[in-house]
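> data_38.txt is the file, holding compact mmCIF, C-alpha atoms:
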# COMPACT_ATOMS: atom_id res chain seq x y z
CA MET A 1 60.60 19.98 41.98
CA ASN A 2 63.46 21.54 40.08
CA ALA A 3 62.57 25.21 40.50
CA LYS A 4 64.43 28.35 41.50
CA ARG A 5 63.91 32.08 41.36
CA PHE A 6 64.60 33.49 37.91
CA PHE A 7 67.04 36.15 39.09
CA THR A 8 68.14 35.53 42.63
CA HIS A 9 70.02 38.85 42.66
CA SER A 10 67.28 40.95 41.11
CA ASN A 11 63.55 41.40 41.42
CA ASP A 12 63.04 42.89 37.95
CA ILE A 13 61.41 39.87 36.31
CA LYS A 14 59.39 39.10 39.41
CA ALA A 15 57.98 42.63 39.58
CA LEU A 16 57.09 42.55 35.89
CA ASN A 17 55.25 39.28 36.26
CA ASN A 18 53.34 40.41 39.31
CA ASN A 19 52.26 43.43 37.31
CA LEU A 20 50.93 41.06 34.67
CA LEU A 21 48.99 39.19 37.36
CA VAL A 22 47.62 42.51 38.60
CA GLU A 23 46.67 43.55 35.06
CA LYS A 24 44.88 40.24 34.64
CA MET A 25 42.91 40.89 37.84
CA GLN A 26 42.10 44.43 36.74
CA SER A 27 40.63 43.22 33.46
CA VAL A 28 37.86 41.48 35.47
CA PHE A 29 37.40 43.66 38.56
CA ASN A 30 38.95 46.49 40.59
CA PRO A 31 41.31 44.76 43.02
CA THR A 32 41.93 46.43 46.38
CA GLU A 33 45.43 47.10 47.67
CA GLU A 34 44.92 44.20 50.08
CA GLU A 35 44.06 41.83 47.23
CA ILE A 36 47.02 42.94 45.18
CA ALA A 37 49.34 42.49 48.18
CA TYR A 38 47.95 39.00 48.84
CA VAL A 39 48.53 37.90 45.25
CA LYS A 40 52.05 39.29 45.17
CA LYS A 41 52.86 37.52 48.45
CA ASN A 42 51.20 34.15 47.87
CA ILE A 43 51.47 33.41 44.18
CA PRO A 44 55.19 33.20 43.46
CA VAL A 45 56.55 33.58 39.98
CA LEU A 46 59.29 31.00 39.48
CA HIS A 47 61.81 29.97 36.90
CA PHE A 48 61.73 26.37 35.72
CA PRO A 49 64.66 25.27 33.55
CA LYS A 50 64.01 23.50 30.24
CA GLY A 51 63.27 19.84 30.85
CA THR A 52 61.62 20.32 34.27
CA LEU A 53 58.70 17.96 34.84
CA LEU A 54 55.96 19.97 36.55
CA LEU A 55 53.81 16.84 36.85
CA ARG A 56 54.34 13.10 36.32
CA GLU A 57 51.91 10.31 35.51
CA GLY A 58 50.46 8.94 38.75
CA GLN A 59 51.27 12.08 40.74
CA ILE A 60 48.53 14.01 42.53
CA SER A 61 48.88 17.70 41.79
CA ASN A 62 47.96 20.54 44.12
CA LYS A 63 49.21 23.30 41.81
CA CYS A 64 48.10 25.28 38.82
CA TYR A 65 50.28 27.52 36.73
CA PHE A 66 50.10 30.58 34.54
CA ASN A 67 52.63 30.83 31.75
CA PHE A 68 54.43 34.17 31.47
CA GLN A 69 57.39 32.96 29.43
CA GLY A 70 58.37 29.71 27.76
CA LEU A 71 56.47 26.65 26.60
CA VAL A 72 54.93 23.75 28.52
CA ARG A 73 53.98 20.45 26.91
CA GLN A 74 51.42 17.90 28.09
CA TYR A 75 52.08 14.31 27.05
CA TYR A 76 51.01 10.75 27.78
CA LEU A 77 53.40 7.82 27.87
CA LEU A 78 51.79 4.91 25.98
CA ASP A 79 53.82 1.73 25.51
CA GLY A 80 56.98 3.78 26.02
CA GLU A 81 55.96 6.30 23.38
CA GLU A 82 55.30 9.99 24.16
CA LYS A 83 51.99 11.23 22.80
CA THR A 84 51.75 15.03 22.96
CA THR A 85 48.23 16.33 23.55
CA ALA A 86 48.73 20.01 24.39
CA PHE A 87 51.15 22.93 24.32
CA TYR A 88 50.69 25.86 26.72
CA MET A 89 52.18 29.10 25.44
CA GLU A 90 52.65 32.53 27.02
CA GLY A 91 49.39 33.88 28.46
CA GLU A 92 47.85 30.45 29.02
CA GLY A 93 46.81 28.80 32.28
CA ILE A 94 47.78 25.22 33.05
CA SER A 95 45.37 23.69 35.51
CA SER A 96 46.06 19.92 35.63
CA THR A 97 43.77 17.92 37.93
CA VAL A 98 44.27 20.35 40.78
CA ASN A 99 40.62 21.19 41.23
CA ASN A 100 39.17 17.73 41.51
CA GLY A 101 41.81 16.74 44.05
CA ASN A 102 43.15 13.28 44.77
CA ILE A 103 43.03 12.04 41.20
CA PRO A 104 46.43 10.79 40.01
CA SER A 105 47.49 12.45 36.78
CA ARG A 106 47.34 10.41 33.56
CA TYR A 107 49.88 12.68 31.88
CA TYR A 108 53.14 14.56 32.20
CA LEU A 109 53.69 18.32 32.10
CA GLU A 110 57.13 19.27 30.86
CA CYS A 111 58.89 22.59 30.29
CA VAL A 112 59.95 22.42 26.64
CA GLU A 113 61.88 25.68 27.11
CA ASP A 114 63.10 27.65 30.13
CA CYS A 115 59.85 28.87 31.68
CA VAL A 116 58.61 31.64 33.96
CA LEU A 117 55.39 30.49 35.60
CA SER A 118 53.24 31.69 38.45
CA VAL A 119 52.42 28.85 40.82
CA MET A 120 49.20 28.70 42.81
CA THR A 121 48.47 25.89 45.26
CA THR A 122 45.01 24.52 46.05
CA GLU A 123 45.36 25.92 49.59
CA VAL A 124 46.09 29.46 48.39
CA GLU A 125 43.24 29.21 45.89
CA ALA A 126 40.79 28.15 48.63
CA GLU A 127 41.94 30.93 50.97
CA MET A 128 41.66 33.51 48.20
CA PHE A 129 38.13 32.48 47.36
CA THR A 130 37.13 32.77 51.02
CA ARG A 131 38.86 36.08 51.71
CA PHE A 132 38.26 37.78 48.36
CA PRO A 133 35.12 36.68 46.50
CA HIS A 134 36.24 38.71 43.47
CA PHE A 135 38.83 36.04 42.80
CA GLU A 136 36.10 33.51 42.40
CA LYS A 137 34.60 35.63 39.61
CA MET A 138 37.98 36.02 37.93
CA CYS A 139 38.58 32.31 38.17
CA ARG A 140 35.11 31.43 36.86
CA VAL A 141 35.44 33.78 33.88
CA GLU A 142 38.89 32.38 33.12
CA VAL A 143 37.77 28.75 33.41
CA GLU A 144 34.70 29.37 31.25
CA LYS A 145 36.94 30.87 28.59
CA LEU A 146 39.26 27.86 28.84
CA LEU A 147 36.27 25.52 28.54
CA ASP A 148 35.14 27.29 25.37
CA ASP A 149 38.68 27.07 23.99
CA TYR A 150 38.82 23.35 24.76
CA LYS A 151 35.48 22.74 23.09
CA ASN A 152 36.78 24.44 19.95
CA VAL A 153 40.07 22.54 20.04
CA LEU A 154 38.22 19.23 20.47
CA ALA A 155 35.77 20.01 17.66
CA ASP A 156 38.58 21.16 15.34
CA TYR A 157 40.50 17.98 16.06
CA MET A 158 37.48 15.76 15.45
CA LEU A 159 36.53 17.59 12.25
CA SER A 160 39.92 17.75 10.58
CA SER A 161 42.49 15.52 8.90
CA PRO A 162 46.13 15.54 10.05
CA GLU A 163 46.96 17.79 7.06
CA GLN A 164 44.25 20.27 8.10
CA ARG A 165 45.51 20.13 11.69
CA TYR A 166 48.98 21.02 10.44
CA LEU A 167 47.55 23.93 8.42
CA ASN A 168 45.62 25.09 11.51
CA LEU A 169 48.90 25.11 13.45
CA VAL A 170 50.61 27.13 10.70
CA GLU A 171 47.77 29.65 10.84
CA ASN A 172 47.08 29.84 14.58
CA LYS A 173 50.29 28.93 16.38
CA PRO A 174 53.08 29.32 13.80
CA GLU A 175 55.74 29.78 16.52
CA LEU A 176 55.23 26.17 17.59
CA LEU A 177 56.69 25.01 14.26
CA TYR A 178 60.16 26.16 15.23
CA ARG A 179 59.88 26.01 19.03
CA VAL A 180 59.07 22.30 19.20
CA PRO A 181 60.83 19.14 17.94
CA GLN A 182 59.24 17.42 14.94
CA TYR A 183 58.32 14.22 16.79
CA GLN A 184 56.29 16.23 19.33
CA LEU A 185 54.48 18.17 16.59
CA ALA A 186 53.76 14.92 14.74
CA SER A 187 52.09 13.21 17.68
CA TYR A 188 50.22 16.45 18.45
CA ILE A 189 48.51 16.34 15.04
CA GLY A 190 48.03 12.58 15.34
CA VAL A 191 50.61 11.13 12.94
CA LYS A 192 54.04 9.47 12.91
CA PRO A 193 57.03 11.76 12.21
CA GLU A 194 57.38 10.24 8.69
CA SER A 195 53.81 11.26 7.87
CA LEU A 196 54.45 14.81 9.06
CA SER A 197 57.43 14.99 6.66
CA ARG A 198 55.20 13.78 3.81
CA ILE A 199 52.52 16.36 4.69
CA ARG A 200 55.11 19.15 4.64
CA LYS A 201 56.55 17.98 1.29
CA ARG A 202 53.09 17.71 -0.26
CA LEU A 203 52.17 21.23 0.90
CA ALA A 204 55.52 22.64 -0.26
CA SER A 205 55.13 21.19 -3.78
CA LYS A 206 51.52 22.39 -3.87
CA ASN A 207 52.63 25.93 -3.01
CA ALA A 208 55.48 25.77 -5.52
CA GLY A 209 53.02 24.72 -8.24
CA GLU A 210 50.61 27.60 -7.62
CA MET B 211 11.97 28.01 19.86
CA ASN B 212 9.72 25.00 19.89
CA ALA B 213 9.31 24.58 23.64
CA LYS B 214 6.37 24.03 25.97
CA ARG B 215 5.78 22.98 29.54
CA PHE B 216 6.05 19.22 29.96
CA PHE B 217 2.74 18.74 31.72
CA THR B 218 0.52 21.78 31.44
CA HIS B 219 -2.06 20.21 33.76
CA SER B 220 0.37 18.97 36.41
CA ASN B 221 3.41 20.22 38.25
CA ASP B 222 4.77 16.78 39.08
CA ILE B 223 7.66 16.72 36.64
CA LYS B 224 8.48 20.35 37.23
CA ALA B 225 8.63 19.88 40.99
CA LEU B 226 10.83 16.83 40.58
CA ASN B 227 13.23 18.72 38.36
CA ASN B 228 13.38 21.72 40.64
CA ASN B 229 14.19 19.32 43.44
CA LEU B 230 17.08 18.05 41.34
CA LEU B 231 18.30 21.61 40.86
CA VAL B 232 18.03 22.15 44.61
CA GLU B 233 19.91 18.91 45.31
CA LYS B 234 22.61 20.07 42.94
CA MET B 235 22.90 23.36 44.82
CA GLN B 236 22.97 21.53 48.16
CA SER B 237 25.87 19.36 47.06
CA VAL B 238 28.04 22.52 46.92
CA PHE B 239 26.61 24.82 49.61
CA ASN B 240 23.61 25.36 51.89
CA PRO B 241 21.13 27.38 49.85
CA THR B 242 18.80 29.75 51.69
CA GLU B 243 15.03 29.70 51.16
CA GLU B 244 15.44 32.89 49.12
CA GLU B 245 18.00 31.26 46.83
CA ILE B 246 15.85 28.19 46.33
CA ALA B 247 12.84 30.35 45.54
CA TYR B 248 14.85 32.41 43.04
CA VAL B 249 16.07 29.31 41.20
CA LYS B 250 12.58 27.78 41.08
CA LYS B 251 11.15 31.02 39.74
CA ASN B 252 13.84 32.00 37.21
CA ILE B 253 15.23 28.78 35.83
CA PRO B 254 12.33 27.09 34.09
CA VAL B 255 12.37 23.40 33.32
CA LEU B 256 10.95 22.90 29.85
CA HIS B 257 10.04 20.11 27.50
CA PHE B 258 11.66 20.14 24.07
CA PRO B 259 10.26 17.64 21.55
CA LYS B 260 12.64 15.36 19.63
CA GLY B 261 14.13 17.23 16.69
CA THR B 262 14.11 20.67 18.36
CA LEU B 263 17.14 22.78 17.44
CA LEU B 264 18.29 24.54 20.61
CA LEU B 265 20.98 26.39 18.67
CA ARG B 266 21.85 26.85 14.99
CA GLU B 267 25.12 27.69 13.25
CA GLY B 268 25.53 31.49 13.12
CA GLN B 269 23.12 32.09 15.98
CA ILE B 270 24.24 33.95 19.11
CA SER B 271 23.12 32.07 22.18
CA ASN B 272 22.18 33.61 25.50
CA LYS B 273 21.14 30.32 27.12
CA CYS B 274 22.67 27.36 28.84
CA TYR B 275 20.91 24.13 29.69
CA PHE B 276 21.01 21.30 32.16
CA ASN B 277 19.79 17.94 30.91
CA PHE B 278 17.34 16.14 33.22
CA GLN B 279 15.90 13.77 30.63
CA GLY B 280 16.67 12.94 27.00
CA LEU B 281 19.68 13.37 24.77
CA VAL B 282 21.15 16.44 23.07
CA ARG B 283 23.58 16.25 20.16
CA GLN B 284 26.13 18.83 19.03
CA TYR B 285 27.03 18.77 15.34
CA TYR B 286 28.73 20.82 12.66
CA LEU B 287 27.48 21.06 9.10
CA LEU B 288 30.48 20.70 6.76
CA ASP B 289 29.83 20.61 3.01
CA GLY B 290 26.28 19.52 3.72
CA GLU B 291 27.45 16.68 5.97
CA GLU B 292 26.61 16.47 9.68
CA LYS B 293 29.66 15.86 11.86
CA THR B 294 28.69 14.95 15.42
CA THR B 295 31.14 16.16 18.05
CA ALA B 296 29.28 15.67 21.35
CA PHE B 297 26.32 14.01 23.06
CA TYR B 298 24.92 15.44 26.30
CA MET B 299 23.15 12.88 28.44
CA GLU B 300 21.11 13.14 31.64
CA GLY B 301 22.99 15.02 34.38
CA GLU B 302 25.14 17.00 31.96
CA GLY B 303 25.27 20.78 31.42
CA ILE B 304 25.21 22.24 27.92
CA SER B 305 26.81 25.65 27.89
CA SER B 306 27.27 26.69 24.24
CA THR B 307 29.00 30.06 23.74
CA VAL B 308 26.71 31.72 26.27
CA ASN B 309 29.47 33.00 28.49
CA ASN B 310 31.67 34.71 25.98
CA GLY B 311 28.69 36.52 24.46
CA ASN B 312 28.28 37.83 20.92
CA ILE B 313 30.12 34.97 19.24
CA PRO B 314 28.01 33.26 16.57
CA SER B 315 27.83 29.52 17.10
CA ARG B 316 29.80 27.27 14.77
CA TYR B 317 27.57 24.30 15.55
CA TYR B 318 24.03 23.05 16.05
CA LEU B 319 22.47 21.68 19.25
CA GLU B 320 19.66 19.24 18.55
CA CYS B 321 17.35 17.20 20.79
CA VAL B 322 17.90 13.63 19.58
CA GLU B 323 15.06 12.50 21.89
CA ASP B 324 12.23 14.28 23.72
CA CYS B 325 14.11 16.28 26.34
CA VAL B 326 13.48 17.90 29.73
CA LEU B 327 16.00 20.70 30.21
CA SER B 328 16.42 23.58 32.61
CA VAL B 329 17.07 26.82 30.76
CA MET B 330 19.15 29.63 32.20
CA THR B 331 19.68 32.91 30.36
CA THR B 332 22.80 35.07 30.58
CA GLU B 333 20.73 37.75 32.32
CA VAL B 334 19.50 35.37 35.04
CA GLU B 335 23.03 34.04 35.47
CA ALA B 336 24.44 37.57 35.94
CA GLU B 337 21.68 38.52 38.41
CA MET B 338 22.22 35.31 40.39
CA PHE B 339 25.96 35.92 40.67
CA THR B 340 25.32 39.44 41.97
CA ARG B 341 22.54 38.55 44.42
CA PHE B 342 23.87 35.18 45.59
CA PRO B 343 27.66 34.78 45.51
CA HIS B 344 27.23 31.09 46.39
CA PHE B 345 26.05 30.51 42.84
CA GLU B 346 29.34 31.73 41.53
CA LYS B 347 31.09 29.02 43.57
CA MET B 348 28.67 26.36 42.33
CA CYS B 349 29.17 27.49 38.77
CA ARG B 350 32.95 27.62 39.10
CA VAL B 351 33.12 24.12 40.59
CA GLU B 352 30.82 22.82 37.85
CA VAL B 353 32.75 24.51 35.04
CA GLU B 354 36.09 23.28 36.42
CA LYS B 355 34.71 19.75 36.45
CA LEU B 356 33.49 20.18 32.88
CA LEU B 357 36.90 21.50 31.86
CA ASP B 358 38.59 18.43 33.35
CA ASP B 359 36.09 16.19 31.54
CA TYR B 360 36.78 17.96 28.26
CA LYS B 361 40.52 17.62 28.71
CA ASN B 362 40.10 13.89 29.20
CA VAL B 363 37.76 13.56 26.23
CA LEU B 364 40.19 15.49 24.03
CA ALA B 365 43.17 13.43 25.18
CA ASP B 366 41.28 10.14 24.75
CA TYR B 367 40.28 11.17 21.25
CA MET B 368 43.82 12.18 20.29
CA LEU B 369 45.32 9.02 21.78
CA SER B 370 42.96 6.44 20.33
CA SER B 371 42.04 4.81 17.03
CA PRO B 372 38.40 4.76 15.85
CA GLU B 373 38.16 1.13 17.05
CA GLN B 374 39.39 2.14 20.52
CA ARG B 375 36.95 5.05 20.53
CA TYR B 376 34.14 2.62 19.78
CA LEU B 377 35.29 0.35 22.63
CA ASN B 378 35.43 3.38 24.96
CA LEU B 379 31.82 4.15 24.03
CA VAL B 380 30.80 0.55 24.74
CA GLU B 381 32.47 0.78 28.13
CA ASN B 382 31.56 4.31 29.22
CA LYS B 383 28.34 5.27 27.46
CA PRO B 384 26.77 1.98 26.30
CA GLU B 385 23.27 3.51 26.15
CA LEU B 386 24.39 5.71 23.26
CA LEU B 387 24.76 2.61 21.07
CA TYR B 388 21.00 2.10 20.94
CA ARG B 389 19.82 5.68 21.57
CA VAL B 390 21.58 7.19 18.56
CA PRO B 391 21.46 6.45 14.78
CA GLN B 392 24.53 4.72 13.33
CA TYR B 393 25.59 7.64 11.08
CA GLN B 394 25.77 9.93 14.14
CA LEU B 395 27.82 7.41 16.12
CA ALA B 396 30.13 6.91 13.13
CA SER B 397 30.96 10.60 12.73
CA TYR B 398 31.33 10.89 16.54
CA ILE B 399 34.17 8.34 16.51
CA GLY B 400 35.59 9.87 13.33
CA VAL B 401 34.71 7.35 10.61
CA LYS B 402 32.22 6.78 7.78
CA PRO B 403 29.18 4.58 8.59
CA GLU B 404 30.67 1.73 6.46
CA SER B 405 33.81 1.76 8.61
CA LEU B 406 31.73 1.58 11.79
CA SER B 407 30.00 -1.53 10.41
CA ARG B 408 33.40 -3.08 9.66
CA ILE B 409 34.64 -2.27 13.19
CA ARG B 410 31.56 -3.93 14.72
CA LYS B 411 31.93 -7.04 12.53
CA ARG B 412 35.61 -7.33 13.36
CA LEU B 413 34.94 -7.05 17.10
CA ALA B 414 32.02 -9.50 16.90
CA SER B 415 34.12 -12.15 15.13
CA LYS B 416 36.98 -11.54 17.61
CA ASN B 417 34.62 -12.13 20.54
CA ALA B 418 33.13 -15.21 18.87
CA GLY B 419 36.63 -16.63 18.38
CA GLU B 420 37.65 -16.21 22.03
Could you express the structure from this file as structure tokens?


Amino acid sequence: MNAKRFFTHSNDIKALNNNLLVEKMQSVFNPTEEEIAYVKKNIPVLHFPKGTLLLREGQISNKCYFNFQGLVRQYYLLDGEEKTTAFYMEGEGISSTVNNGNIPSRYYLECVEDCVLSVMTTEVEAEMFTRFPHFEKMCRVEVEKLLDDYKNVLADYMLSSPEQRYLNLVENKPELLYRVPQYQLASYIGVKPESLSRIRKRLASKNAGE
Amino acid sequence: MNAKRFFTHSNDIKALNNNLLVEKMQSVFNPTEEEIAYVKKNIPVLHFPKGTLLLREGQISNKCYFNFQGLVRQYYLLDGEEKTTAFYMEGEGISSTVNNGNIPSRYYLECVEDCVLSVMTTEVEAEMFTRFPHFEKMCRVEVEKLLDDYKNVLADYMLSSPEQRYLNLVENKPELLYRVPQYQLASYIGVKPESLSRIRKRLASKNAGE
């Protein structure tokens, strides 16, 4: 994997990120010094340059990530065409198939920008759950929240037209509009790039006419 | 809520269902007698007649369910039209917004058939996690599995045409085709009932021509 420390000559970024991890823990429970030390030691925060593939189709993953900086894209390769199904922004966890083990991934995870991610392996996760039961609570709460989010995303997708999906993006994740190439946005809302251009023109002329 | 014991004069069904709950626990850890007794006492298995609304739009839920028998549908009411976004079959958990508390539901949960469901309240869940940490593990494993399922469902939906979605149903959940009215199936795969008829005719003539 194409990964290196963000600043090899400085620990500034690393310390900041570990503080974020600690803050995240503290929002759910009161971590002990021992727990904090374990997290800082065993969950590295790494820099992944733009273009890094964190996961490939067919690969079995033993890692999950938390995004502190940058943007990660999930896509499928169908008949040579990339179909984007998710973007993970700052503050979001990226869990791939890590937890069900031994299932080859159907998709790719790619860093769309330079990223700073914490990396947790299945082994560290298992050890943490055994040594510090609080982590299990934190993980459960986090995964339940993610599940609720996914349910909403799925329902919104099923209930809306591509134009509505584009408007949802404008409202909820406006940064994506300039952080991501058009062809990725288009497949994310379920249309060809030409259709996305038409949607944008239609909305622009609608707004101009109001 | 329109719920009653399945057999008021017999414990047969109830015992069977509690055994299923116990088997579920045993697949993740070795429950103690105390844990088994707690589950049997505090997680009732109830009968809900066909048509029962387990949850309405705007309602705040404090319950989650596990489906032992029957079929539960999730739908949104948009401009007076029901849009079906999920079916929960036997062996599936139905968690609604129970875990994030205080968020009014955007959707309805309806028993499409007579159902036998276990019902767990937020209060029981919290007490179980405190008294028996094993439950937290069971719940985390279950929720992680659900999250993976949802990710796959979302990706499949985003990647496929209505015709492919119909074929996926035929392959993966063929019982739904005769357990559910056509208009519910149609909105579930994202089309009007007329389009579903056309899809079926097209596939039937394709098969006849092979």

> For a quick test of understanding: name the residues of chain B lying within 6 Å of chain A when counting all atoms listed in the file, and present them as a VMD selection string.

chain B and resid 350 357 364

> Using all atoms listed in the file, can you tell me which of A:Arg200, A:His47, A:Arg179, A:Arg165 comes closest to Phe68 of chain A?

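Of A:Arg200, A:His47, A:Arg179, A:Arg165, the one nearest Phe68 of chain A is A:His47, counting all atoms listed in the file.
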
> Between atom CA of Tyr318 of chain B and atom CA of Leu265 of chain B, what is the spacing in Å?

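According to the coordinates, atom CA of Leu265 of chain B and atom CA of Tyr318 of chain B are separated by 5.2 Å.
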
> Just how far from atom CA of Phe132 of chain A is atom CA of Asn30 of chain A, in Å to one decimal?

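Atom-to-atom, atom CA of Asn30 of chain A to atom CA of Phe132 of chain A, that is 11.7 Å.
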
> Atom CA of Gln59 of chain A to atom CA of Pro104 of chain A: how many Å, to one decimal?

5.1 Å

> Got a sec: who's within 9 Å of Pro193 of chain A, counting all atoms listed in the file, leaving out chain neighbours fewer than 3 positions off, as a list in words?

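Here the answer would be Gln182, Tyr183, Gln184, Leu185, Ala186, Ser187, Leu196, Ser197 and Arg198 of chain A.
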
> Using all atoms listed in the file, which residue out of B:Arg283, B:Cys321, B:Gly301, B:Asn277 lies closest to Lys260 of chain B?

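So, comparing all the options, the nearest one is B:Cys321.
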
> Around the point (52.4, 24.4, 9.8) in the file's coordinates, collect all residues with an atom within 10 Å, using all atoms listed in the file, and return them as a PDB file with C-alpha atoms, in the coordinates of the input.


ATOM      1  CA  GLU A 163      46.960  17.790   7.060  1.00  0.00           C
ATOM      2  CA  GLN A 164      44.250  20.270   8.100  1.00  0.00           C
ATOM      3  CA  ARG A 165      45.510  20.130  11.690  1.00  0.00           C
ATOM      4  CA  TYR A 166      48.980  21.020  10.440  1.00  0.00           C
ATOM      5  CA  LEU A 167      47.550  23.930   8.420  1.00  0.00           C
ATOM      6  CA  ASN A 168      45.620  25.090  11.510  1.00  0.00           C
ATOM      7  CA  LEU A 169      48.900  25.110  13.450  1.00  0.00           C
ATOM      8  CA  VAL A 170      50.610  27.130  10.700  1.00  0.00           C
ATOM      9  CA  GLU A 171      47.770  29.650  10.840  1.00  0.00           C
ATOM     10  CA  ASN A 172      47.080  29.840  14.580  1.00  0.00           C
ATOM     11  CA  LYS A 173      50.290  28.930  16.380  1.00  0.00           C
ATOM     12  CA  PRO A 174      53.080  29.320  13.800  1.00  0.00           C
ATOM     13  CA  GLU A 175      55.740  29.780  16.520  1.00  0.00           C
ATOM     14  CA  LEU A 176      55.230  26.170  17.590  1.00  0.00           C
ATOM     15  CA  LEU A 177      56.690  25.010  14.260  1.00  0.00           C
ATOM     16  CA  TYR A 178      60.160  26.160  15.230  1.00  0.00           C
ATOM     17  CA  LEU A 185      54.480  18.170  16.590  1.00  0.00           C
ATOM     18  CA  LEU A 196      54.450  14.810   9.060  1.00  0.00           C
ATOM     19  CA  ILE A 199      52.520  16.360   4.690  1.00  0.00           C
ATOM     20  CA  ARG A 200      55.110  19.150   4.640  1.00  0.00           C
ATOM     21  CA  LEU A 203      52.170  21.230   0.900  1.00  0.00           C
TER      22      LEU A 203
END

> So that I can see what lies close to Glu127 of chain A, please list as a list in words the residues with an atom at most 12 Å from it, counting only C-alpha atoms and leaving out residues fewer than 5 positions away in the same chain.

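Selected residues are Glu35, Tyr38, Val39, Asn42, Ile43, Met120, Thr121, Thr122, Phe132, Pro133, Phe135 and Glu136 of chain A.
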
> Might you pull out every residue within 9 Å of Val326 of chain B, with all atoms listed in the file counted and same-chain residues fewer than 5 positions away left off, and present them as a list in words?

Phe216, Asn227, Val255, Leu256, His257, Phe258, Pro259, Phe276, Asn277, Phe278, Gln279 and Gly280 of chain B
